[in-house]
Amino acid sequence: DTAVSQTPKYLVTQMGNDKSIKCEQNLGHDTMYWYKQDSKKFLKIMFSYNNKELIINETVPNRFSPKSPDKAHLNLHINSLELGDSAVYFCASSHGTGPHEQYFGPGTRLTVT
Amino acid sequence: AQTVTQSQPEMSVQEAETVTLSCTYDTSESDYYLFWYKQPPSRQMILVIRQEAYKQQNATENRFSVNFQKAAKSFSLKISDSQLGDAAMYFCAYMNYGGSQGNLIFGKGTKLSVKP
């Protein structure tokens with residue numbers, strides 16, 4: 001009965017590889033987000049999707065490509081991984097794009113070696 | 001651009017005591033929303049409390065309350081009767097009222113320790 005789930009929870013990979021992180025929510029929300037939390041715990045939004053359409057794309061390298069096959073899923077694909085991509089990535093969802101509570105997934109700790 | 005500042009990287013409180021976490025923000029908007037999120041060691045981000053800027057009354061959720069000072073652009077979180085389970089990182093966050101993008105802007109967090 002997990003509300004927002006992410007797979008995998010931990011991901012260790014080498015520089016230059018391509019990897020994906022999957023996110024699914026069963027809350028019936030129409031808006032989903034990806035956040036990045038760096039080693040100093042600073043949390044910053046990367047993308048948001050509303051009804052499968054991109055509505056926020058912060059200054060993120062184009063090596064990062066979100067994909068939303070349906071309203072319940074928002075996957076994050078990362079090409080040519082770099083050391084600086086090491087972080088915890090959080091998926092979140094909300095009902096609408098306004099000031100509604102955002103429900104966060106458990107996070108995926110990505111380590112690039 | 002809006003910014004959120006949490007000036008206390010770490011705080012400590014004795015169990016059952018009260019602690020206040022500080023947050024200031026900068027915006028030229030008059031309508032917006034403010035949030036406090038909690039991140040325990042499990043990493044899960046949990047919404048603690050929310051305040052609408054147009055409301056003068058401070059939000060309260062059980063042992064958690066805020067002191068919202070709009071003119072001073074201050075939004076502090078008070079935790080009463082602190083419990084061991086309150087130990088976590090606490091993040092203050094801002095969202096524009098236009099909020100059409102749901103863009104939460106976070107502060108850098110305050111790590112709260114609770115001593116038994």
# chains A, B, ... in the order shown; residues from 1 in each chain; ligands from 1

$ residues_around --residues "Phe90 (chain A)" --least-positions-apart "6" --cutoff "7 Å" --atoms "only C-alpha atoms" --output "list in words"
Trp34, Tyr35, Lys36, Phe104, Gly105, Pro106, Gly107 and Thr108 of chain A

$ interface_residues --of "chain A" --to "chain B" --cutoff "9 Å" --atoms "only C-alpha atoms" --output "PyMOL selection string"
chain A and resi 31+33+40-45+48-50+55-56+90+94+96-107

$ residues_around --residues "region 78-89 of chain A" --least-positions-apart "3" --cutoff "7 Å" --atoms "only C-alpha atoms" --output "count of residues only"
22

$ select_by_dssp --residues "chain B" --states "strand (DSSP E)" --output "ChimeraX atom specification"
/B:3-5,10-14,19-21,24-26,32-39,46-52,60-61,64-69,74-79,88-96,105-106,110-115

$ closest_residue --among "A:Thr59, A:Ser93, A:Thr2, A:Asn75" --to "Cys23 (chain A)" --atoms "only C-alpha atoms"
A:Asn75

$ atom_distance --atom1 "CA of Gln83 (chain B)" --atom2 "CA of Gln6 (chain B)"
21.8 Å

$ atom_distance --atom1 "CA of Val66 (chain B)" --atom2 "CA of Ala1 (chain B)"
23.9 Å

$ residues_around --residues "Gln2 (chain B)" --least-positions-apart "2" --cutoff "8 Å" --atoms "only C-alpha atoms" --output "compact mmCIF listing (two decimals) with N, CA and C atoms, in the first residue's frame"
# COMPACT_ATOMS: atom_id res chain seq x y z
N VAL B 4 15.15 30.78 0.42
CA VAL B 4 14.77 30.37 1.76
C VAL B 4 16.04 30.14 2.57
N TYR B 25 12.75 34.04 4.51
CA TYR B 25 12.64 33.86 3.06
C TYR B 25 12.64 35.23 2.40
N ASP B 26 12.90 35.22 1.14
CA ASP B 26 12.93 36.46 0.39
C ASP B 26 12.04 36.30 -0.83
N THR B 27 11.09 37.21 -0.98
CA THR B 27 10.22 37.18 -2.14
C THR B 27 9.63 38.56 -2.35
N SER B 28 9.29 38.84 -3.57
CA SER B 28 8.60 40.10 -3.88
C SER B 28 7.10 39.86 -4.06
N ILE B 105 10.57 25.60 -3.11
CA ILE B 105 11.95 26.05 -2.92
C ILE B 105 12.32 25.79 -1.47

$ closest_residue --among "A:Thr13, A:Gln25, A:Asn62, A:Asn57" --to "Leu74 (chain A)" --atoms "only C-alpha atoms"
A:Gln25

$ closest_residue --among "B:Val114, B:Ala88, B:Ala53, B:Leu21" --to "Ser76 (chain B)" --atoms "only C-alpha atoms"
B:Leu21

$ closest_residue --among "A:Leu11, A:Pro69, A:Cys91, A:Pro61" --to "Met32 (chain A)" --atoms "only C-alpha atoms"
A:Cys91
